file my_file.cif (mmCIF, C-alpha atoms)
data_upload
loop_
_atom_site.label_atom_id
_atom_site.label_comp_id
_atom_site.auth_asym_id
_atom_site.auth_seq_id
_atom_site.Cartn_x
_atom_site.Cartn_y
_atom_site.Cartn_z
CA MET A 1 31.19 -10.74 9.70
CA LEU A 2 29.17 -13.89 10.45
CA GLY A 3 29.47 -13.16 14.14
CA GLN A 4 28.07 -9.66 13.65
CA ILE A 5 25.17 -11.00 11.64
CA ALA A 6 24.43 -13.65 14.25
CA TYR A 7 24.48 -10.97 16.94
CA ALA A 8 22.16 -8.74 14.91
CA LEU A 9 19.57 -11.34 13.90
CA PRO A 10 17.42 -11.22 17.09
CA PHE A 11 17.21 -7.42 16.87
CA LEU A 12 16.49 -7.49 13.14
CA ALA A 13 13.79 -10.11 13.64
CA GLN A 14 11.95 -7.84 16.05
CA GLY A 15 12.31 -4.89 13.69
CA PHE A 16 11.19 -7.00 10.74
CA ALA A 17 8.04 -7.99 12.64
CA VAL A 18 7.24 -4.29 13.13
CA THR A 19 7.87 -3.67 9.42
CA LEU A 20 5.45 -6.43 8.45
CA TRP A 21 2.84 -5.18 10.94
CA VAL A 22 3.04 -1.61 9.62
CA SER A 23 2.87 -2.83 6.03
CA LEU A 24 -0.10 -5.09 6.74
CA LEU A 25 -2.07 -2.33 8.45
CA VAL A 26 -1.33 0.13 5.66
CA VAL A 27 -2.28 -2.32 2.92
CA LEU A 28 -5.54 -3.43 4.52
CA LEU A 29 -6.71 0.03 5.64
CA SER A 30 -5.83 1.64 2.31
CA LEU A 31 -7.56 -1.15 0.40
CA VAL A 32 -10.84 -0.64 2.24
CA ALA A 33 -10.70 3.15 2.11
CA GLY A 34 -9.41 3.24 -1.47
CA VAL A 35 -12.09 0.94 -2.84
CA MET A 36 -14.88 2.90 -1.14
CA MET A 37 -13.53 6.24 -2.31
CA GLY A 38 -12.79 4.86 -5.77
CA VAL A 39 -16.41 3.79 -6.16
CA GLY A 40 -17.42 7.27 -5.07
CA LEU A 41 -15.08 8.77 -7.66
CA VAL A 42 -16.55 6.71 -10.48
CA TYR A 43 -20.22 6.53 -9.54
CA GLY A 44 -20.80 9.20 -6.90
CA PRO A 45 -22.50 12.60 -7.28
CA ALA A 46 -20.45 15.52 -8.52
CA PRO A 47 -19.55 16.97 -5.08
CA LEU A 48 -18.27 13.58 -3.92
CA ARG A 49 -16.33 13.03 -7.14
CA TRP A 50 -14.66 16.42 -6.79
CA ALA A 51 -13.81 15.79 -3.13
CA VAL A 52 -12.24 12.41 -3.90
CA ARG A 53 -10.38 13.80 -6.92
CA ILE A 54 -8.92 16.67 -4.88
CA PHE A 55 -7.90 14.26 -2.11
CA SER A 56 -6.25 11.83 -4.53
CA ASP A 57 -4.38 14.44 -6.55
CA THR A 58 -3.24 16.34 -3.46
CA ILE A 59 -1.99 13.33 -1.51
CA ARG A 60 -0.23 11.79 -4.51
CA GLY A 61 1.52 15.10 -5.11
CA ILE A 62 3.07 15.18 -1.62
CA PRO A 63 6.28 13.21 -0.93
CA ILE A 64 5.72 10.43 1.59
CA LEU A 65 8.36 11.80 3.95
CA VAL A 66 6.70 15.22 4.01
CA LEU A 67 3.33 13.59 4.63
CA ILE A 68 4.70 11.57 7.56
CA PHE A 69 6.19 14.66 9.19
CA PHE A 70 3.02 16.66 8.52
CA VAL A 71 0.84 14.08 10.24
CA TYR A 72 3.24 13.59 13.16
CA TYR A 73 4.06 17.25 13.81
CA GLY A 74 1.07 19.00 12.23
CA LEU A 75 -1.90 17.21 13.78
CA PRO A 76 -0.92 18.09 17.38
CA ALA A 77 -1.24 21.74 16.34
CA VAL A 78 -4.98 21.18 15.89
CA GLY A 79 -5.32 19.15 19.07
CA LEU A 80 -4.97 15.64 17.62
CA HIS A 81 -2.11 13.77 19.26
CA LEU A 82 -1.07 10.41 17.87
CA GLU A 83 1.68 8.06 18.93
CA SER A 84 4.52 7.86 16.45
CA PHE A 85 3.45 4.38 15.33
CA TRP A 86 -0.10 5.40 14.47
CA ALA A 87 0.99 8.69 12.95
CA ALA A 88 3.25 6.78 10.57
CA VAL A 89 0.51 4.25 9.76
CA LEU A 90 -1.97 7.06 9.09
CA ALA A 91 0.41 8.94 6.80
CA LEU A 92 1.32 5.83 4.80
CA THR A 93 -2.33 4.79 4.64
CA LEU A 94 -3.36 8.18 3.26
CA PHE A 95 -0.71 7.95 0.55
CA LYS A 96 -1.56 4.37 -0.33
CA THR A 97 -5.31 5.11 -0.35
CA ALA A 98 -4.77 7.76 -3.02
CA GLN A 99 -3.01 5.14 -5.16
CA VAL A 100 -5.72 2.52 -4.63
CA ILE A 101 -8.33 5.05 -5.75
CA GLU A 102 -6.54 5.37 -9.08
CA TYR A 103 -6.11 1.61 -9.43
CA LEU A 104 -9.84 1.13 -8.98
CA ARG A 105 -10.78 4.03 -11.22
CA GLY A 106 -8.66 2.63 -14.04
CA ALA A 107 -9.91 -0.93 -13.55
CA VAL A 108 -13.60 0.02 -13.46
CA GLY A 109 -13.17 2.54 -16.26
CA SER A 110 -11.79 -0.18 -18.52
CA ILE A 111 -15.08 -2.12 -18.42
CA PRO A 112 -17.24 -1.24 -21.46
CA LYS A 113 -20.28 0.84 -20.51
CA GLY A 114 -22.44 -1.50 -22.56
CA GLN A 115 -22.07 -4.19 -19.93
CA SER A 116 -23.40 -1.96 -17.18
CA GLU A 117 -26.23 -0.83 -19.45
CA ALA A 118 -27.10 -4.44 -20.27
CA ALA A 119 -27.17 -5.33 -16.59
CA MET A 120 -29.44 -2.38 -15.95
CA ALA A 121 -31.71 -3.48 -18.77
CA ILE A 122 -32.32 -6.88 -17.14
CA GLY A 123 -33.30 -5.23 -13.89
CA LEU A 124 -30.15 -5.47 -11.75
CA THR A 125 -29.80 -2.88 -9.03
CA PHE A 126 -26.71 -0.70 -8.70
CA ARG A 127 -25.21 -2.97 -6.04
CA GLN A 128 -25.99 -6.06 -8.10
CA ARG A 129 -24.36 -4.53 -11.16
CA LEU A 130 -21.24 -3.83 -9.14
CA ALA A 131 -21.17 -7.26 -7.46
CA TYR A 132 -22.03 -9.47 -10.44
CA VAL A 133 -20.92 -7.55 -13.53
CA ILE A 134 -18.44 -4.74 -12.93
CA PHE A 135 -16.24 -5.86 -10.02
CA PRO A 136 -15.58 -9.44 -11.22
CA GLN A 137 -14.18 -8.07 -14.47
CA ALA A 138 -12.44 -5.06 -12.93
CA PHE A 139 -10.75 -7.39 -10.44
CA ARG A 140 -8.58 -8.77 -13.23
CA ARG A 141 -7.26 -5.30 -14.01
CA PHE A 142 -7.04 -4.15 -10.41
CA LEU A 143 -5.08 -6.98 -8.84
CA PRO A 144 -1.67 -6.82 -10.58
CA PRO A 145 -1.03 -3.09 -10.06
CA TRP A 146 -2.37 -3.32 -6.53
CA ILE A 147 0.11 -6.08 -5.63
CA ASN A 148 2.90 -4.02 -7.16
CA GLY A 149 1.69 -1.21 -4.92
CA VAL A 150 2.00 -3.50 -1.92
CA THR A 151 5.74 -3.69 -2.57
CA ASP A 152 5.82 0.11 -2.44
CA ALA A 153 4.10 -0.04 0.95
CA VAL A 154 6.77 -2.42 2.26
CA LYS A 155 9.57 -0.20 0.98
CA GLY A 156 7.84 2.94 2.22
CA SER A 157 7.56 1.46 5.70
CA ALA A 158 11.30 2.01 6.11
CA LEU A 159 10.55 5.72 6.56
CA VAL A 160 8.79 5.10 9.87
CA SER A 161 12.22 4.72 11.44
CA LEU A 162 12.55 8.51 11.17
CA LEU A 163 9.89 8.80 13.88
CA GLY A 164 11.85 6.53 16.21
CA ILE A 165 9.82 3.41 15.48
CA THR A 166 11.98 0.32 15.76
CA ASP A 167 11.28 -1.28 12.41
CA LEU A 168 13.83 -3.24 10.40
CA MET A 169 15.70 -0.13 9.27
CA HIS A 170 15.81 1.38 12.74
CA ALA A 171 16.96 -1.93 14.23
CA ILE A 172 19.79 -2.06 11.69
CA ASN A 173 20.92 1.44 12.67
CA GLN A 174 20.78 0.52 16.36
CA VAL A 175 22.98 -2.53 15.84
CA ILE A 176 25.40 -0.48 13.74
CA GLY A 177 25.66 1.97 16.63
CA ARG A 178 26.84 -0.89 18.84
CA THR A 179 29.10 -2.77 16.44
CA TYR A 180 30.36 0.08 14.22
CA GLU A 181 30.13 -2.23 11.22
CA ALA A 182 27.67 -0.75 8.77
CA MET A 183 28.17 -2.52 5.44
CA PRO A 184 27.35 -6.14 6.44
CA LEU A 185 24.17 -5.05 8.20
CA TYR A 186 22.99 -2.80 5.41
CA ILE A 187 23.60 -5.63 2.96
CA LEU A 188 21.60 -7.98 5.16
CA GLY A 189 18.78 -5.45 5.39
CA ALA A 190 18.79 -5.01 1.64
CA VAL A 191 18.59 -8.79 1.17
CA ILE A 192 15.60 -9.00 3.53
CA TYR A 193 13.73 -6.20 1.77
CA PHE A 194 14.60 -7.68 -1.61
CA ALA A 195 13.36 -11.15 -0.61
CA VAL A 196 9.99 -9.80 0.52
CA ASN A 197 9.47 -7.54 -2.48
CA TYR A 198 10.71 -10.12 -4.96
CA ALA A 199 8.22 -12.65 -3.60
CA LEU A 200 5.44 -10.08 -4.01
CA SER A 201 6.61 -9.31 -7.56
CA LEU A 202 6.53 -13.02 -8.44
CA ALA A 203 3.01 -13.24 -7.02
CA SER A 204 1.99 -10.24 -9.12
CA ARG A 205 3.30 -11.77 -12.33
CA ARG A 206 1.63 -15.10 -11.60
CA LEU A 207 -1.69 -13.45 -10.87
CA GLU A 208 -1.38 -11.32 -13.98
CA ARG A 209 -0.94 -14.43 -16.08
CA ARG A 210 -3.69 -16.21 -14.18
CA PHE A 211 -6.26 -13.49 -14.77
CA SER A 212 -5.12 -12.43 -18.23
CA PHE A 213 -7.84 -12.44 -20.87
CA ILE A 214 -5.41 -13.54 -23.56
CA ARG A 215 -3.45 -16.65 -22.70
CA GLU A 216 -0.73 -18.22 -24.75
#

call {"tool": "encode", "arguments": {"input": "my_file.cif", "output": "structure tokens"}}
result
Amino acid sequence: MLGQIAYALPFLAQGFAVTLWVSLLVVLLSLVAGVMMGVGLVYGPAPLRWAVRIFSDTIRGIPILVLIFFVYYGLPAVGLHLESFWAAVLALTLFKTAQVIEYLRGAVGSIPKGQSEAAMAIGLTFRQRLAYVIFPQAFRRFLPPWINGVTDAVKGSALVSLLGITDLMHAINQVIGRTYEAMPLYILGAVIYFAVNYALSLASRRLERRFSFIRE
């Protein structure tokens, strides 16, 4: 068993690097897009709010696997051809963006309207109200669920192996195809995923305590 694990480690390390790269791209891209669209959902004109709401509800209602296959096989039908790696990143980013929109909407919506009205009364512009009044307080509510969502992005990245991308899961299956020993490698893969997600969960709990309004 130890020999099989030692043989597999170089392959799993390469796959794990791909998993981290996919997860990082998805998290960063969805954060930028989700925050921008979330602001549009909360403060934008009615047509923009409706467009963002339809996008968020539609994407969150589609299973991630279906979304990945739709992007990979569906976009070429309209003339847009993406490599499997970028198709997977796009699909996961779309799904994660829809979640970030809801995180931001809930965080900003939890701030009393009186604070925004008070900021307006002292002459702050819309951008100043967001930068100095709304976002600093909403950040406390936004951060813990967002970090929990990052763990979902890491776990969801395992689905990219279905497009032939050699991530951690795909590397495990390749090694199993050579050694014909599945259980030790699946256990090792589970331990790796657990270690990453458990570290993120610990970070989430620490940040939640750090930014909690009520401290013991």

call {"tool": "closest_residue", "arguments": {"input": "my_file.cif", "among": "A:Ala171, A:Ile187, A:Ala46, A:Leu41", "to": "Ala17 in chain A", "atoms": "all atoms listed in the file"}}
result
A:Ala171

call {"tool": "closest_atom_pairs", "arguments": {"input": "my_file.cif", "of": "range 10-64 of chain A", "to": "range 83-105 of chain A", "cutoff": "7 Å", "atoms": "all atoms listed in the file", "output": "tab-separated table"}}
result
residue	atom	partner	partner_atom	distance
A:Val22	CA	A:Val89	CA	6.4
A:Val26	CA	A:Thr93	CA	4.9
A:Leu29	CA	A:Thr93	CA	6.5
A:Ser30	CA	A:Thr97	CA	4.4
A:Leu31	CA	A:Val100	CA	6.5
A:Ala33	CA	A:Thr97	CA	6.2
A:Gly34	CA	A:Thr97	CA	4.6
A:Val35	CA	A:Ile101	CA	6.3
A:Met37	CA	A:Ile101	CA	6.3
A:Gly38	CA	A:Ile101	CA	4.5
A:Val42	CA	A:Arg105	CA	6.4
A:Ser56	CA	A:Ala98	CA	4.6
A:Ile59	CA	A:Phe95	CA	5.9
A:Arg60	CA	A:Ala98	CA	6.3
A:Ile64	CA	A:Phe95	CA	7.0

call {"tool": "atom_distance", "arguments": {"input": "my_file.cif", "atom1": "CA of Ala121 in chain A", "atom2": "CA of Pro136 in chain A"}}
result
18.8 Å

call {"tool": "atom_distance", "arguments": {"input": "my_file.cif", "atom1": "CA of Pro144 in chain A", "atom2": "CA of Tyr132 in chain A"}}
result
20.5 Å

call {"tool": "atom_distance", "arguments": {"input": "my_file.cif", "atom1": "CA of Arg205 in chain A", "atom2": "CA of Lys155 in chain A"}}
result
18.7 Å
